[in-house]
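The data block below is final_31.pdb; it holds PDB, C-alpha atoms.
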```
ATOM      1  CA  MET D 149     134.328 207.128 194.778
ATOM      2  CA  GLN D 150     137.267 208.935 193.121
ATOM      3  CA  PRO D 151     137.336 212.729 193.457
ATOM      4  CA  LEU D 152     136.556 214.618 190.270
ATOM      5  CA  ARG D 153     139.527 216.268 188.585
ATOM      6  CA  VAL D 154     139.447 219.103 186.127
ATOM      7  CA  ALA D 155     141.937 219.025 183.298
ATOM      8  CA  THR D 156     142.603 222.643 182.399
ATOM      9  CA  SER D 157     142.000 226.216 183.516
ATOM     10  CA  TYR D 158     141.429 227.717 180.064
ATOM     11  CA  VAL D 159     140.090 226.511 176.721
ATOM     12  CA  ILE D 160     140.553 228.433 173.479
ATOM     13  CA  GLY D 161     137.829 227.679 170.957
ATOM     14  CA  ARG D 162     138.229 227.010 167.254
ATOM     15  CA  LYS D 163     136.096 227.453 164.176
ATOM     16  CA  SER D 164     134.524 224.341 162.722
ATOM     17  CA  SER D 165     136.808 222.120 160.667
ATOM     18  CA  THR D 166     134.040 221.151 158.295
ATOM     19  CA  THR D 167     131.695 224.160 158.060
ATOM     20  CA  ASP D 168     132.055 227.921 158.034
ATOM     21  CA  GLU D 169     130.779 228.218 161.636
ATOM     22  CA  SER D 170     133.190 230.467 163.549
ATOM     23  CA  ILE D 171     131.276 231.550 166.668
ATOM     24  CA  TRP D 172     133.864 229.881 168.983
ATOM     25  CA  ASP D 173     136.996 230.777 167.026
ATOM     26  CA  GLY D 174     139.481 232.342 169.428
ATOM     27  CA  LYS D 175     137.024 232.522 172.333
ATOM     28  CA  ILE D 176     138.757 232.096 175.698
ATOM     29  CA  LEU D 177     136.738 230.082 178.188
ATOM     30  CA  ARG D 178     137.796 229.804 181.815
ATOM     31  CA  ALA D 179     136.915 226.484 183.470
ATOM     32  CA  PHE D 180     137.922 227.672 186.943
ATOM     33  CA  ASP D 181     140.005 230.336 188.677
ATOM     34  CA  ASP D 182     143.694 230.004 187.764
ATOM     35  CA  LYS D 183     144.740 230.420 191.398
ATOM     36  CA  PHE D 184     143.870 226.718 191.687
ATOM     37  CA  TRP D 185     145.703 223.945 189.847
ATOM     38  CA  ALA D 186     144.477 221.088 187.687
ATOM     39  CA  TYR D 187     145.571 217.666 186.520
ATOM     40  CA  HIS D 188     146.182 218.858 182.965
ATOM     41  CA  LEU D 189     149.516 217.052 182.543
ATOM     42  CA  GLY D 190     148.411 213.667 183.828
ATOM     43  CA  ILE D 191     149.455 212.039 187.044
ATOM     44  CA  ASN D 192     152.901 210.648 187.711
ATOM     45  CA  SER D 193     155.634 211.556 190.127
ATOM     46  CA  LYS D 194     157.120 214.222 187.850
ATOM     47  CA  SER D 195     153.941 215.790 186.531
ATOM     48  CA  GLU D 196     152.215 215.999 189.940
ATOM     49  CA  GLU D 197     154.575 218.748 191.099
ATOM     50  CA  LEU D 198     154.525 220.479 187.715
ATOM     51  CA  ASN D 199     150.687 220.359 187.699
ATOM     52  CA  SER D 200     150.638 222.198 191.028
ATOM     53  CA  LYS D 201     152.873 224.973 189.667
ATOM     54  CA  SER D 202     151.262 225.536 186.285
ATOM     55  CA  ILE D 203     148.151 226.815 184.527
ATOM     56  CA  GLY D 204     146.705 224.692 181.746
ATOM     57  CA  ILE D 205     145.572 226.188 178.444
ATOM     58  CA  GLU D 206     143.863 223.847 175.981
ATOM     59  CA  ILE D 207     143.680 224.958 172.344
ATOM     60  CA  CYS D 208     140.813 223.215 170.524
ATOM     61  CA  ASN D 209     142.371 221.293 167.667
ATOM     62  CA  TYR D 210     142.283 217.785 166.207
ATOM     63  CA  GLY D 211     146.081 217.688 166.040
ATOM     64  CA  PRO D 212     147.841 215.221 163.723
ATOM     65  CA  LEU D 213     146.199 214.246 160.470
ATOM     66  CA  THR D 214     146.764 211.444 157.998
ATOM     67  CA  LEU D 215     146.554 211.805 154.239
ATOM     68  CA  GLY D 216     144.189 209.181 152.868
ATOM     69  CA  LYS D 217     144.564 207.356 149.554
ATOM     70  CA  ASP D 218     141.633 209.463 148.356
ATOM     71  CA  GLY D 219     143.702 212.642 148.823
ATOM     72  CA  GLN D 220     141.670 213.801 151.841
ATOM     73  CA  PHE D 221     143.068 214.521 155.295
ATOM     74  CA  TYR D 222     141.642 212.624 158.266
ATOM     75  CA  ASN D 223     141.809 213.219 162.014
ATOM     76  CA  TYR D 224     142.159 210.556 164.712
ATOM     77  CA  VAL D 225     138.437 209.668 164.592
ATOM     78  CA  ASN D 226     138.626 209.261 160.802
ATOM     79  CA  LYS D 227     136.707 212.492 160.182
ATOM     80  CA  PRO D 228     137.762 214.329 157.015
ATOM     81  CA  ILE D 229     139.295 217.779 157.476
ATOM     82  CA  ARG D 230     139.109 220.370 154.713
ATOM     83  CA  GLU D 231     142.444 220.997 153.006
ATOM     84  CA  SER D 232     142.134 224.720 153.833
ATOM     85  CA  GLU D 233     142.296 223.753 157.545
ATOM     86  CA  VAL D 234     145.514 221.729 157.178
ATOM     87  CA  VAL D 235     149.070 222.853 157.822
ATOM     88  CA  GLU D 236     152.049 220.935 156.493
ATOM     89  CA  LEU D 237     155.017 221.196 158.839
ATOM     90  CA  GLU D 238     158.521 221.662 157.459
ATOM     91  CA  LYS D 239     159.575 218.475 159.249
ATOM     92  CA  SER D 240     157.552 215.764 160.949
ATOM     93  CA  PHE D 241     156.552 216.252 164.587
ATOM     94  CA  ARG D 242     155.893 213.084 166.586
ATOM     95  CA  GLY D 243     155.676 211.126 163.351
ATOM     96  CA  TYR D 244     153.192 213.393 161.567
ATOM     97  CA  LYS D 245     153.719 216.026 158.905
ATOM     98  CA  TYR D 246     150.105 217.256 158.652
ATOM     99  CA  TYR D 247     148.096 218.899 161.444
ATOM    100  CA  GLU D 248     144.838 220.773 161.745
ATOM    101  CA  LYS D 249     146.130 224.325 161.756
ATOM    102  CA  TYR D 250     145.624 226.798 164.542
ATOM    103  CA  THR D 251     143.523 229.706 163.351
ATOM    104  CA  ASP D 252     144.712 233.302 163.452
ATOM    105  CA  ALA D 253     142.081 234.023 166.121
ATOM    106  CA  GLN D 254     143.358 231.149 168.280
ATOM    107  CA  ILE D 255     146.960 232.279 168.011
ATOM    108  CA  GLU D 256     145.998 235.844 168.931
ATOM    109  CA  SER D 257     143.957 234.593 171.904
ATOM    110  CA  VAL D 258     146.888 232.466 173.081
ATOM    111  CA  ARG D 259     149.079 235.587 172.900
ATOM    112  CA  LYS D 260     146.601 237.684 174.894
ATOM    113  CA  LEU D 261     146.081 234.972 177.507
ATOM    114  CA  ILE D 262     149.814 234.386 177.965
ATOM    115  CA  LYS D 263     150.372 238.140 178.414
ATOM    116  CA  TYR D 264     147.524 238.338 180.930
ATOM    117  CA  LEU D 265     148.843 235.367 182.940
ATOM    118  CA  GLN D 266     152.439 236.589 182.645
ATOM    119  CA  ASN D 267     151.472 239.923 184.202
ATOM    120  CA  LYS D 268     149.195 238.391 186.839
ATOM    121  CA  TRP D 269     151.609 235.690 188.039
ATOM    122  CA  ALA D 270     155.040 237.130 187.072
ATOM    123  CA  ILE D 271     155.729 234.231 184.713
ATOM    124  CA  GLU D 272     159.156 234.376 183.134
ATOM    125  CA  ILE D 273     158.989 234.150 179.355
ATOM    126  CA  GLU D 274     162.253 233.273 177.635
ATOM    127  CA  LYS D 275     163.118 235.439 174.661
ATOM    128  CA  GLU D 276     163.767 234.229 171.117
ATOM    129  CA  ILE D 277     164.094 230.542 172.077
ATOM    130  CA  TYR D 278     160.988 229.294 170.303
ATOM    131  CA  ASN D 279     161.652 227.062 167.320
ATOM    132  CA  GLU D 280     160.722 223.527 166.235
ATOM    133  CA  ASP D 281     163.043 222.007 168.863
ATOM    134  CA  TRP D 282     161.357 223.885 171.735
ATOM    135  CA  PHE D 283     158.271 221.661 171.321
ATOM    136  CA  ASN D 284     160.176 218.397 171.887
ATOM    137  CA  TYR D 285     160.127 216.348 175.081
ATOM    138  CA  ASN D 286     162.973 217.169 177.441
ATOM    139  CA  GLU D 287     163.233 216.293 181.135
ATOM    140  CA  ASN D 288     164.820 219.708 181.784
ATOM    141  CA  TRP D 289     161.365 221.223 181.303
ATOM    142  CA  PHE D 290     160.247 219.592 184.581
ATOM    143  CA  THR D 291     162.546 221.746 186.686
ATOM    144  CA  ASN D 292     162.699 225.034 184.814
ATOM    145  CA  GLY D 293     159.871 227.552 185.097
ATOM    146  CA  GLY D 294     158.339 229.559 182.294
ATOM    147  CA  LEU D 295     156.191 228.743 179.312
ATOM    148  CA  ARG D 296     155.766 224.982 178.723
ATOM    149  CA  SER D 297     153.570 222.651 176.692
ATOM    150  CA  HIS D 298     152.156 219.142 176.884
ATOM    151  CA  SER D 299     154.545 217.912 174.222
ATOM    152  CA  GLN D 300     157.569 219.086 176.208
ATOM    153  CA  VAL D 301     156.718 217.079 179.326
ATOM    154  CA  ARG D 302     154.859 214.066 177.884
ATOM    155  CA  LYS D 303     156.099 211.851 175.075
ATOM    156  CA  ASP D 304     152.546 210.740 174.223
ATOM    157  CA  LYS D 305     151.110 214.233 173.585
ATOM    158  CA  PHE D 306     150.911 216.197 170.334
ATOM    159  CA  ASP D 307     149.690 219.490 171.691
ATOM    160  CA  ILE D 308     151.032 222.010 171.070
ATOM    161  CA  PHE D 309     152.737 221.411 167.727
ATOM    162  CA  PRO D 310     155.281 223.655 165.966
ATOM    163  CA  GLN D 311     153.113 225.556 163.515
ATOM    164  CA  ARG D 312     155.157 228.415 162.032
ATOM    165  CA  GLU D 313     152.621 231.098 163.011
ATOM    166  CA  MET D 314     152.566 229.865 166.621
ATOM    167  CA  ILE D 315     156.360 229.981 166.770
ATOM    168  CA  GLN D 316     156.348 233.537 165.390
ATOM    169  CA  MET D 317     153.786 234.612 167.989
ATOM    170  CA  LEU D 318     155.756 233.059 170.861
ATOM    171  CA  ASN D 319     158.926 234.808 169.701
ATOM    172  CA  SER D 320     157.068 238.138 169.549
ATOM    173  CA  LEU D 321     156.150 238.062 173.254
ATOM    174  CA  LYS D 322     157.674 240.970 175.153
ATOM    175  CA  LEU D 323     157.747 241.875 178.836
TER     176      LEU D 323
END
```
Rewrite the structure from the file as structure tokens, please.
Amino acid sequence: MQPLRVATSYVIGRKSSTTDESIWDGKILRAFDDKFWAYHLGINSKSEELNSKSIGIEICNYGPLTLGKDGQFYNYVNKPIRESEVVELEKSFRGYKYYEKYTDAQIESVRKLIKYLQNKWAIEIEKEIYNEDWFNYNENWFTNGGLRSHSQVRKDKFDIFPQREMIQMLNSLKL
């Protein structure tokens, strides 16, 4: 039997994409103590080492959306997403222009959690480097410490995507 593996230390909830239910919006849930590491990046020779030196944060979100011929937006399981929950990026990211937007509560919770983890683990946060290009895959991210995302270390991942409000929050982080 294969050992069980947990994917992420923290999950940040989101309001419903189809109703007005917001009980989970911005809620931070801890799956396990962040002194342990998880297989949140997947397993290969490069990500194994990075997994062991990082803390995973999952932001609940459907990610890329497609615009149907009926004018509605659809997620990857063909579920319609309300137009009010859609963000149009200035330029396509990983082949998609439309994404389910991060809520204000999620972005604020990401900020608070990053600050908490930064203080607890002395994580170096680069200043004023966050822009659309920061989210792209680059093998340099495997060796440099600091704040990283799935999309920077895996070509097949869409999370986190360059929503303008997320970029602004990341650039506002201070020591």
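If only C-alpha atoms are the atoms counted, then among D:Met314, D:Leu198, D:Ala179, D:Ala155 the closest residue to Val301 of chain D is D:Leu198.
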* Asked: What do you get, as an NGL selection string, if you spell out every residue that the PyMOL selection byres ((chain D and resi 241) around 9) selects here?
  -> :D and (212 or 237 or 239-240 or 242-246 or 280 or 283-284 or 306 or 309-310)
* Just say which residues the PyMOL selection byres ((chain D and resi 286) around 10) picks in this file, as a ChimeraX atom specification. => /D:281-285,287-290,299-303
Save the residues we just selected, C-alpha atoms, as an mmCIF file, in the frame of the given file?
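Final file, part.cif:
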```cif
data_model
loop_
_atom_site.group_PDB
_atom_site.id
_atom_site.type_symbol
_atom_site.label_atom_id
_atom_site.label_comp_id
_atom_site.auth_asym_id
_atom_site.auth_seq_id
_atom_site.Cartn_x
_atom_site.Cartn_y
_atom_site.Cartn_z
ATOM 1 C CA ASP D 281 163.043 222.007 168.863
ATOM 2 C CA TRP D 282 161.357 223.885 171.735
ATOM 3 C CA PHE D 283 158.271 221.661 171.321
ATOM 4 C CA ASN D 284 160.176 218.397 171.887
ATOM 5 C CA TYR D 285 160.127 216.348 175.081
ATOM 6 C CA GLU D 287 163.233 216.293 181.135
ATOM 7 C CA ASN D 288 164.820 219.708 181.784
ATOM 8 C CA TRP D 289 161.365 221.223 181.303
ATOM 9 C CA PHE D 290 160.247 219.592 184.581
ATOM 10 C CA SER D 299 154.545 217.912 174.222
ATOM 11 C CA GLN D 300 157.569 219.086 176.208
ATOM 12 C CA VAL D 301 156.718 217.079 179.326
ATOM 13 C CA ARG D 302 154.859 214.066 177.884
ATOM 14 C CA LYS D 303 156.099 211.851 175.075
#
```
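Computed from the coordinates, the atom CA of Ile229 of chain D to atom CA of Asn209 of chain D distance equals 11.2 Å.
Between Cys208 of chain D and the residues D:Trp269, D:Tyr278, D:Tyr158, D:Tyr224, the shortest atom-to-atom distance, using all atoms listed in the file, involves D:Tyr158.
Comparing the minimum interatomic distances between Ile315 of chain D and each of D:Arg162, D:Lys175, D:Lys275, D:Lys260, counting all atoms listed in the file, we find that D:Lys275 sits nearest.
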